[in-house]
$ cat data.cif   # mmCIF, C-alpha atoms and all ligand atoms
data_structure
#
loop_
_atom_site.label_atom_id
_atom_site.label_comp_id
_atom_site.auth_asym_id
_atom_site.auth_seq_id
_atom_site.Cartn_x
_atom_site.Cartn_y
_atom_site.Cartn_z
CA MET A 1 -21.83 18.87 -1.08
CA THR A 2 -21.30 15.39 0.31
CA ALA A 3 -20.25 12.94 -2.33
CA LYS A 4 -22.09 9.80 -3.31
CA LEU A 5 -20.00 6.75 -2.37
CA ILE A 6 -18.93 4.39 -5.13
CA LEU A 7 -18.51 1.01 -3.46
CA GLY A 8 -16.63 -1.80 -5.15
CA LYS A 9 -18.43 -4.31 -2.96
CA ASP A 10 -21.81 -3.44 -4.50
CA VAL A 11 -20.47 -3.24 -8.06
CA SER A 12 -18.56 -6.52 -7.73
CA GLU A 13 -21.64 -8.32 -6.34
CA GLU A 14 -23.49 -7.39 -9.51
CA ILE A 15 -20.65 -8.70 -11.69
CA TYR A 16 -20.27 -11.90 -9.63
CA SER A 17 -23.92 -12.76 -10.16
CA GLU A 18 -23.37 -12.43 -13.93
CA LEU A 19 -20.19 -14.50 -13.73
CA ARG A 20 -21.98 -17.25 -11.76
CA GLN A 21 -24.45 -17.66 -14.62
CA ARG A 22 -21.65 -17.86 -17.20
CA ILE A 23 -19.81 -20.41 -15.03
CA GLU A 24 -22.97 -22.54 -14.75
CA ALA A 25 -23.40 -22.40 -18.52
CA LEU A 26 -19.80 -23.53 -19.02
CA LYS A 27 -20.16 -26.37 -16.52
CA ALA A 28 -23.38 -27.52 -18.22
CA LYS A 29 -21.29 -27.96 -21.37
CA GLY A 30 -18.54 -29.84 -19.50
CA THR A 31 -15.98 -27.07 -18.86
CA VAL A 32 -15.03 -26.15 -15.30
CA PRO A 33 -13.16 -22.84 -15.50
CA GLY A 34 -9.73 -23.24 -13.91
CA LEU A 35 -7.52 -20.46 -12.55
CA ALA A 36 -4.03 -20.99 -11.15
CA VAL A 37 -2.09 -18.52 -9.04
CA VAL A 38 1.66 -18.82 -8.52
CA LEU A 39 3.29 -17.26 -5.46
CA VAL A 40 7.06 -17.15 -5.03
CA GLY A 41 8.39 -16.35 -1.55
CA ASN A 42 6.78 -15.13 1.66
CA ASP A 43 5.62 -11.56 1.07
CA PRO A 44 2.75 -11.20 3.58
CA ALA A 45 0.60 -8.90 1.42
CA SER A 46 0.99 -11.25 -1.56
CA GLN A 47 0.04 -14.22 0.62
CA VAL A 48 -3.22 -12.48 1.54
CA TYR A 49 -4.02 -11.59 -2.10
CA VAL A 50 -3.26 -15.11 -3.31
CA ARG A 51 -5.42 -16.69 -0.61
CA LYS A 52 -8.32 -14.37 -1.46
CA LYS A 53 -8.05 -15.20 -5.16
CA GLY A 54 -8.23 -18.94 -4.43
CA GLU A 55 -11.18 -18.53 -2.06
CA MET A 56 -13.10 -16.45 -4.57
CA CYS A 57 -12.55 -19.05 -7.32
CA GLU A 58 -13.96 -21.73 -5.08
CA SER A 59 -16.93 -19.68 -3.97
CA LEU A 60 -17.82 -19.15 -7.63
CA GLY A 61 -17.56 -22.88 -8.36
CA MET A 62 -14.40 -22.58 -10.42
CA MET A 63 -11.35 -24.82 -10.16
CA SER A 64 -8.56 -23.15 -8.23
CA ARG A 65 -4.92 -24.15 -8.04
CA THR A 66 -2.42 -22.30 -5.88
CA ILE A 67 1.26 -23.04 -6.41
CA VAL A 68 3.52 -21.76 -3.65
CA LEU A 69 7.26 -21.81 -4.39
CA PRO A 70 10.13 -20.97 -2.03
CA GLU A 71 11.95 -17.62 -2.12
CA GLU A 72 15.07 -19.38 -3.53
CA THR A 73 13.21 -20.64 -6.64
CA THR A 74 15.38 -19.96 -9.70
CA GLN A 75 14.14 -18.13 -12.75
CA GLN A 76 14.42 -21.34 -14.78
CA GLU A 77 12.36 -23.27 -12.23
CA LEU A 78 9.65 -20.63 -12.40
CA LEU A 79 9.77 -20.64 -16.21
CA ASP A 80 9.24 -24.42 -16.06
CA VAL A 81 6.17 -23.94 -13.83
CA VAL A 82 4.81 -21.37 -16.30
CA ALA A 83 5.42 -23.76 -19.20
CA GLY A 84 3.55 -26.49 -17.31
CA LEU A 85 0.54 -24.20 -16.78
CA ASN A 86 0.64 -23.08 -20.42
CA ALA A 87 0.32 -26.74 -21.44
CA ASP A 88 -2.29 -27.80 -18.86
CA PRO A 89 -5.78 -28.03 -20.42
CA ALA A 90 -7.51 -27.82 -17.00
CA ILE A 91 -6.02 -24.35 -16.43
CA HIS A 92 -7.71 -21.70 -18.55
CA GLY A 93 -6.04 -18.71 -16.94
CA PHE A 94 -3.22 -18.11 -14.50
CA LEU A 95 -1.04 -15.43 -13.02
CA VAL A 96 2.26 -15.12 -11.24
CA GLN A 97 1.83 -12.84 -8.24
CA LEU A 98 4.11 -9.78 -8.28
CA PRO A 99 6.48 -8.62 -6.94
CA LEU A 100 8.88 -11.50 -7.56
CA PRO A 101 12.12 -12.00 -5.61
CA LYS A 102 14.88 -9.70 -6.92
CA HIS A 103 16.88 -12.49 -8.62
CA ILE A 104 13.98 -13.21 -10.99
CA ASP A 105 13.36 -11.03 -14.05
CA GLU A 106 9.62 -10.23 -13.96
CA GLU A 107 9.54 -9.31 -17.62
CA ALA A 108 10.98 -12.68 -18.64
CA ILE A 109 8.30 -14.46 -16.63
CA ILE A 110 5.42 -12.35 -17.97
CA ASN A 111 6.68 -12.85 -21.54
CA ALA A 112 6.65 -16.63 -21.02
CA ILE A 113 2.92 -16.75 -20.15
CA ASP A 114 0.71 -17.95 -23.01
CA PRO A 115 -1.23 -14.73 -23.89
CA ARG A 116 -4.45 -16.81 -24.13
CA LYS A 117 -4.05 -17.73 -20.44
CA ASP A 118 -2.83 -14.32 -19.24
CA ALA A 119 -5.50 -13.62 -16.60
CA ASP A 120 -3.71 -10.44 -15.46
CA CYS A 121 -3.44 -9.00 -19.00
CA PHE A 122 0.22 -8.19 -18.38
CA HIS A 123 1.69 -9.91 -21.47
CA PRO A 124 2.91 -7.34 -24.03
CA SER A 125 0.70 -8.79 -26.76
CA ASN A 126 -2.40 -8.36 -24.57
CA VAL A 127 -1.31 -4.85 -23.57
CA GLY A 128 -0.91 -4.08 -27.28
CA ARG A 129 -4.34 -5.51 -28.13
CA MET A 130 -5.90 -3.35 -25.45
CA LEU A 131 -4.09 -0.26 -26.75
CA ILE A 132 -5.42 -0.74 -30.30
CA GLY A 133 -8.95 -1.36 -29.01
CA GLU A 134 -9.11 -5.12 -29.69
CA PRO A 135 -8.71 -6.56 -26.20
CA ASP A 136 -8.87 -10.24 -25.32
CA PHE A 137 -8.52 -9.51 -21.64
CA LEU A 138 -8.48 -6.28 -19.66
CA PRO A 139 -6.08 -5.56 -16.79
CA ALA A 140 -8.02 -6.21 -13.61
CA THR A 141 -7.69 -3.01 -11.59
CA PRO A 142 -8.30 -0.52 -14.44
CA ALA A 143 -11.16 -2.69 -15.72
CA GLY A 144 -12.60 -2.65 -12.22
CA VAL A 145 -12.44 1.15 -12.10
CA GLN A 146 -14.15 1.36 -15.48
CA GLN A 147 -16.93 -0.95 -14.29
CA MET A 148 -17.41 1.21 -11.18
CA LEU A 149 -17.91 4.25 -13.42
CA ILE A 150 -20.24 2.46 -15.85
CA ARG A 151 -22.37 0.79 -13.20
CA SER A 152 -22.65 3.96 -11.13
CA GLY A 153 -24.08 5.73 -14.17
CA ILE A 154 -21.18 8.16 -14.50
CA GLU A 155 -20.87 9.67 -17.96
CA THR A 156 -17.34 9.36 -19.35
CA LYS A 157 -17.94 10.39 -22.96
CA GLY A 158 -16.19 13.67 -23.70
CA LYS A 159 -15.18 14.10 -20.05
CA HIS A 160 -11.69 15.03 -18.95
CA VAL A 161 -10.21 12.04 -17.11
CA VAL A 162 -6.98 12.78 -15.26
CA VAL A 163 -5.04 9.69 -14.22
CA VAL A 164 -2.55 10.31 -11.42
CA GLY A 165 0.26 7.74 -11.70
CA ARG A 166 1.90 5.93 -14.62
CA SER A 167 2.47 2.35 -13.49
CA ASN A 168 2.18 -0.53 -15.95
CA ILE A 169 -0.42 -2.18 -13.69
CA VAL A 170 -2.79 0.77 -13.26
CA GLY A 171 -1.94 4.26 -14.61
CA LYS A 172 -0.88 3.47 -18.18
CA PRO A 173 -3.55 0.84 -18.95
CA MET A 174 -6.22 2.98 -17.21
CA ALA A 175 -5.44 5.89 -19.52
CA ALA A 176 -5.37 3.59 -22.55
CA MET A 177 -8.81 2.19 -21.70
CA MET A 178 -10.49 5.55 -21.09
CA VAL A 179 -9.34 6.96 -24.43
CA GLN A 180 -10.87 4.08 -26.46
CA LYS A 181 -14.10 4.41 -28.37
CA GLY A 182 -17.16 3.00 -26.65
CA ALA A 183 -19.15 2.71 -23.44
CA GLY A 184 -17.37 3.73 -20.26
CA ALA A 185 -14.66 5.45 -22.30
CA ASP A 186 -14.57 8.08 -25.09
CA SER A 187 -12.83 10.39 -22.62
CA THR A 188 -10.21 13.08 -23.03
CA VAL A 189 -7.30 11.71 -21.03
CA THR A 190 -4.32 13.27 -19.27
CA ILE A 191 -1.74 11.36 -17.24
CA VAL A 192 0.15 13.15 -14.48
CA HIS A 193 2.96 11.68 -12.41
CA SER A 194 5.81 12.43 -10.02
CA ARG A 195 7.68 14.52 -12.61
CA THR A 196 4.67 16.59 -13.77
CA GLN A 197 5.02 20.36 -13.37
CA ASP A 198 2.19 22.02 -11.44
CA LEU A 199 0.27 18.78 -11.02
CA PRO A 200 -2.58 20.40 -9.00
CA TYR A 201 -3.29 22.78 -11.89
CA ILE A 202 -4.03 19.76 -14.06
CA THR A 203 -5.90 17.65 -11.49
CA ARG A 204 -8.22 20.63 -10.87
CA GLN A 205 -9.36 20.33 -14.48
CA ALA A 206 -10.47 16.72 -14.06
CA ASP A 207 -14.13 15.80 -14.39
CA ILE A 208 -13.04 12.31 -13.33
CA LEU A 209 -9.88 11.95 -11.26
CA ILE A 210 -8.38 8.45 -10.99
CA VAL A 211 -5.57 8.28 -8.47
CA ALA A 212 -2.97 5.49 -8.40
CA ILE A 213 0.31 7.05 -7.30
CA GLY A 214 0.95 5.01 -4.15
CA LYS A 215 1.33 7.94 -1.73
CA PRO A 216 -1.00 8.20 1.27
CA ARG A 217 -3.49 11.12 1.04
CA PHE A 218 -1.53 12.64 -1.88
CA VAL A 219 -4.62 14.27 -3.43
CA THR A 220 -5.96 17.03 -1.19
CA ALA A 221 -9.19 19.01 -1.53
CA ASP A 222 -7.47 21.99 -3.21
CA MET A 223 -6.43 19.66 -6.07
CA VAL A 224 -10.01 18.68 -6.90
CA LYS A 225 -12.64 20.56 -8.91
CA ASP A 226 -16.08 21.05 -7.31
CA GLY A 227 -18.33 18.19 -8.37
CA ALA A 228 -15.57 15.95 -9.74
CA VAL A 229 -15.79 12.16 -9.57
CA VAL A 230 -12.81 10.79 -7.63
CA ILE A 231 -11.67 7.18 -7.80
CA ASP A 232 -8.95 6.21 -5.32
CA VAL A 233 -6.88 3.17 -6.31
CA GLY A 234 -4.34 3.58 -3.52
CA THR A 235 -3.94 1.22 -0.58
CA ASN A 236 -1.33 2.46 1.88
CA ARG A 237 -0.82 1.13 5.37
CA VAL A 238 -0.15 4.00 7.79
CA ASP A 239 0.58 4.00 11.52
CA ASP A 240 -2.45 4.68 13.69
CA PRO A 241 -1.99 4.10 17.43
CA THR A 242 -5.76 4.48 17.99
CA HIS A 243 -6.38 1.43 15.79
CA PRO A 244 -6.26 -2.07 17.37
CA LYS A 245 -3.62 -3.21 14.83
CA GLY A 246 -1.56 -0.02 15.30
CA SER A 247 -2.03 0.78 11.64
CA ARG A 248 -4.78 1.17 9.07
CA LEU A 249 -5.34 1.43 5.33
CA VAL A 250 -5.70 4.80 3.64
CA GLY A 251 -5.97 5.69 -0.01
CA ASP A 252 -4.02 8.12 -2.18
CA VAL A 253 -6.80 10.67 -1.62
CA ASP A 254 -7.47 12.73 1.51
CA PHE A 255 -10.97 11.25 1.71
CA GLU A 256 -12.27 13.24 4.70
CA ASN A 257 -11.75 16.59 2.97
CA VAL A 258 -12.20 15.61 -0.68
CA LYS A 259 -15.60 13.99 -0.05
CA ASP A 260 -17.10 17.44 0.61
CA LYS A 261 -15.95 18.68 -2.78
CA ALA A 262 -16.52 15.67 -5.04
CA SER A 263 -19.90 14.61 -6.43
CA ALA A 264 -18.91 10.95 -6.09
CA ILE A 265 -15.91 9.23 -4.51
CA SER A 266 -14.66 5.72 -3.82
CA PRO A 267 -13.47 5.15 -0.24
CA VAL A 268 -10.48 3.09 0.95
CA PRO A 269 -11.08 0.39 2.02
CA GLY A 270 -14.31 -0.72 0.30
CA GLY A 271 -13.82 1.14 -2.97
CA VAL A 272 -11.67 -0.21 -5.79
CA GLY A 273 -10.21 -3.02 -3.63
CA PRO A 274 -12.88 -5.70 -4.23
CA MET A 275 -12.93 -4.97 -7.97
CA THR A 276 -9.45 -6.31 -8.80
CA ILE A 277 -10.21 -9.90 -7.84
CA CYS A 278 -13.63 -9.62 -9.46
CA MET A 279 -12.20 -8.60 -12.82
CA LEU A 280 -9.50 -11.27 -12.53
CA MET A 281 -12.32 -13.82 -12.19
CA ALA A 282 -13.98 -12.24 -15.22
CA ASN A 283 -10.79 -12.77 -17.24
CA ALA A 284 -10.59 -16.41 -16.11
CA VAL A 285 -14.20 -17.03 -17.14
CA LYS A 286 -13.56 -15.39 -20.50
CA ALA A 287 -10.49 -17.57 -21.05
CA ALA A 288 -12.55 -20.69 -20.24
CA GLU A 289 -15.35 -19.61 -22.58
CA ARG A 290 -12.84 -19.15 -25.36
CA ALA A 291 -11.23 -22.52 -24.70
CA ALA A 292 -14.69 -24.16 -24.67
CA GLU A 293 -15.46 -22.62 -28.05
CA GLY A 294 -12.13 -23.91 -29.29
CA SER A 295 -11.32 -20.49 -30.71
CA ARG A 296 -7.89 -18.87 -31.01
N1 LIG A 301 0.67 -7.53 -7.38
C1 LIG A 301 -0.10 -6.45 -7.11
N2 LIG A 301 -1.16 -6.40 -7.94
C2 LIG A 301 -1.05 -7.48 -8.75
C3 LIG A 301 -1.85 -7.98 -9.80
O1 LIG A 301 -2.87 -7.42 -10.20
N3 LIG A 301 -1.40 -9.13 -10.37
C4 LIG A 301 -0.27 -9.75 -9.98
N4 LIG A 301 0.10 -10.86 -10.62
N5 LIG A 301 0.49 -9.31 -9.01
C5 LIG A 301 0.10 -8.18 -8.40
#
$ encode --input "data.cif" --output "structure tokens" --more "lines below"
Ligand code: GUN
Amino acid sequence: MTAKLILGKDVSEEIYSELRQRIEALKAKGTVPGLAVVLVGNDPASQVYVRKKGEMCESLGMMSRTIVLPEETTQQELLDVVAGLNADPAIHGFLVQLPLPKHIDEEAIINAIDPRKDADCFHPSNVGRMLIGEPDFLPATPAGVQQMLIRSGIETKGKHVVVVGRSNIVGKPMAAMMVQKGAGADSTVTIVHSRTQDLPYITRQADILIVAIGKPRFVTADMVKDGAVVIDVGTNRVDDPTHPKGSRLVGDVDFENVKDKASAISPVPGGVGPMTICMLMANAVKAAERAAEGSR
């Protein structure tokens, strides 16, 4: 069997065209959705992500503000920037790009973000709302994975979803979303991680395997059931002397071998990658719609 490819580019295009209509409707009523992104320091990967977020905002006709602060920024200075964004009516949603420099307590910063403007859905009150099935926002990467499943027509109801990885950004919220009642969920969910005993025994039982463990080609073909759907959230840069840059991106799944066993699979790059920014934009539009309604 050769798996059907699930491409985030195609799925995100569909969502962007829906978002464009919602943005036009907001603008017609006098609200320009505004998203701010705060970057502290010079991490090259973060610089790329932040630039892409700003460019996408502009291409959708939203207002974008990028705030770049030096590596030496103190925690209090960053808290002051967050307080300014919380109070700014032109900014409907914002995020502080992670990771932050070591001298800044990430949790303290996330806790200071007004939950109504929390475009990442990292604030504990938004995480809690998601867990009880009353979400305001959804965390961008897991929401992107869920949209890939829904819009590729993959049945999730009653299926065994195995999530590989337990991070706060992907693994834990992904599992919490798939176990909810409703479309694109209603699954039986297992989380496995670095301390799981006989992890392959469990991944082989997955109808849908979602991998976010941050280890290049961690999931091999022997860990996958015939006909499973495999979603690879990993992005790992590995050395490759044959590549012009000397390195290339690979996922957490051994794509070349797993594709012959899976019924559907997302590649890296081109799979989940484009979905994160897309769902971030969706959160920003939602925040602007809510502000325009004057609710909450
Ligand atoms: N760093 C890596 N992924 C993310 C993300 O989704 N949001 C933020 N703020 N930082 C990140």
$ residues_around --input "data.cif" --residues "stretch 40-50 of chain A" --least-positions-apart "2" --cutoff "12 Å" --atoms "all atoms listed in the file" --output "VMD selection string"
chain A and resid 35 to 38 52 to 57 64 to 75 77 to 78 81 94 to 104 106 109 235 to 237 273 to 274 276 to 277 280
$ residues_around --input "data.cif" --residues "A:Arg217" --least-positions-apart "5" --cutoff "12 Å" --atoms "only C-alpha atoms" --output "ChimeraX atom specification"
/A:211-212,223,232-238,249-258,267-268
$ residues_near_point --input "data.cif" --point "(-18.1, 5.1, -17.9)" --cutoff "10 Å" --atoms "all atoms listed in the file" --output "NGL selection string"
:A and (145-157 or 159 or 178 or 182-187 or 208)
$ write_last_selection --input "data.cif" --atoms "C-alpha atoms" --output "short mmCIF file (atom, residue, chain, number, x, y, z; two decimals), in the frame of the given file"
data_model
loop_
_atom_site.label_atom_id
_atom_site.label_comp_id
_atom_site.auth_asym_id
_atom_site.auth_seq_id
_atom_site.Cartn_x
_atom_site.Cartn_y
_atom_site.Cartn_z
CA VAL A 145 -12.44 1.15 -12.10
CA GLN A 146 -14.15 1.36 -15.48
CA GLN A 147 -16.93 -0.95 -14.29
CA MET A 148 -17.41 1.21 -11.18
CA LEU A 149 -17.91 4.25 -13.42
CA ILE A 150 -20.24 2.46 -15.85
CA ARG A 151 -22.37 0.79 -13.20
CA SER A 152 -22.65 3.96 -11.13
CA GLY A 153 -24.08 5.73 -14.17
CA ILE A 154 -21.18 8.16 -14.50
CA GLU A 155 -20.87 9.67 -17.96
CA THR A 156 -17.34 9.36 -19.35
CA LYS A 157 -17.94 10.39 -22.96
CA LYS A 159 -15.18 14.10 -20.05
CA MET A 178 -10.49 5.55 -21.09
CA GLY A 182 -17.16 3.00 -26.65
CA ALA A 183 -19.15 2.71 -23.44
CA GLY A 184 -17.37 3.73 -20.26
CA ALA A 185 -14.66 5.45 -22.30
CA ASP A 186 -14.57 8.08 -25.09
CA SER A 187 -12.83 10.39 -22.62
CA ILE A 208 -13.04 12.31 -13.33
#
$ closest_residue --input "data.cif" --among "A:Gly270, A:Gly61, A:Gly214, A:Gly133" --to "ligand LIG 301 (chain A)" --atoms "all atoms listed in the file"
A:Gly214
$ closest_residue --input "data.cif" --among "A:Met177, A:Ala206, A:Ala140, A:Val272" --to "ligand LIG 301 (chain A)" --atoms "all atoms listed in the file"
A:Ala140
$ atom_distance --input "data.cif" --atom1 "atom CA of A:Asp260" --atom2 "atom CA of A:Leu199"
20.9 Å
$ residues_around --input "data.cif" --residues "A:Tyr201" --least-positions-apart "4" --cutoff "12 Å" --atoms "all atoms listed in the file" --output "PyMOL selection string"
chain A and resi 162+192+196-197+205-206+222-225
$ atom_distance --input "data.cif" --atom1 "atom CA of A:Asp136" --atom2 "atom CA of A:Met63"
21.2 Å
$ closest_residue --input "data.cif" --among "A:Met130, A:Val285, A:Ile113, A:Val230" --to "ligand LIG 301 (chain A)" --atoms "all atoms listed in the file"
A:Ile113
$ residues_around --input "data.cif" --residues "A:Pro135" --least-positions-apart "6" --cutoff "10 Å" --atoms "all atoms listed in the file" --output "list of chain:residue names"
A:Cys121, A:Ser125, A:Asn126, A:Val127, A:Gly128, A:Arg129, A:Met177
$ closest_residue --input "data.cif" --among "A:Val229, A:Ala3, A:Met275, A:Ile191" --to "ligand LIG 301 (chain A)" --atoms "all atoms listed in the file"
A:Met275
$ closest_residue --input "data.cif" --among "A:Ser247, A:Asn168, A:Thr203, A:Ser12" --to "A:Thr190" --atoms "only C-alpha atoms"
A:Thr203
$ atom_distance --input "data.cif" --atom1 "atom CA of A:Asn283" --atom2 "atom CA of A:Ser266"
23.2 Å
$ closest_residue --input "data.cif" --among "A:Glu18, A:Glu13, A:Asp88, A:Asp120" --to "ligand LIG 301 (chain A)" --atoms "all atoms listed in the file"
A:Asp120
$ axis_aligned_box --input "data.cif" --around "ligand LIG 301 (chain A)" --padding-each-side "4 Å" --output "lines of an AutoDock Vina configuration file"
center_x = -1.1
center_y = -8.6
center_z = -8.9
size_x = 11.5
size_y = 12.5
size_z = 11.5
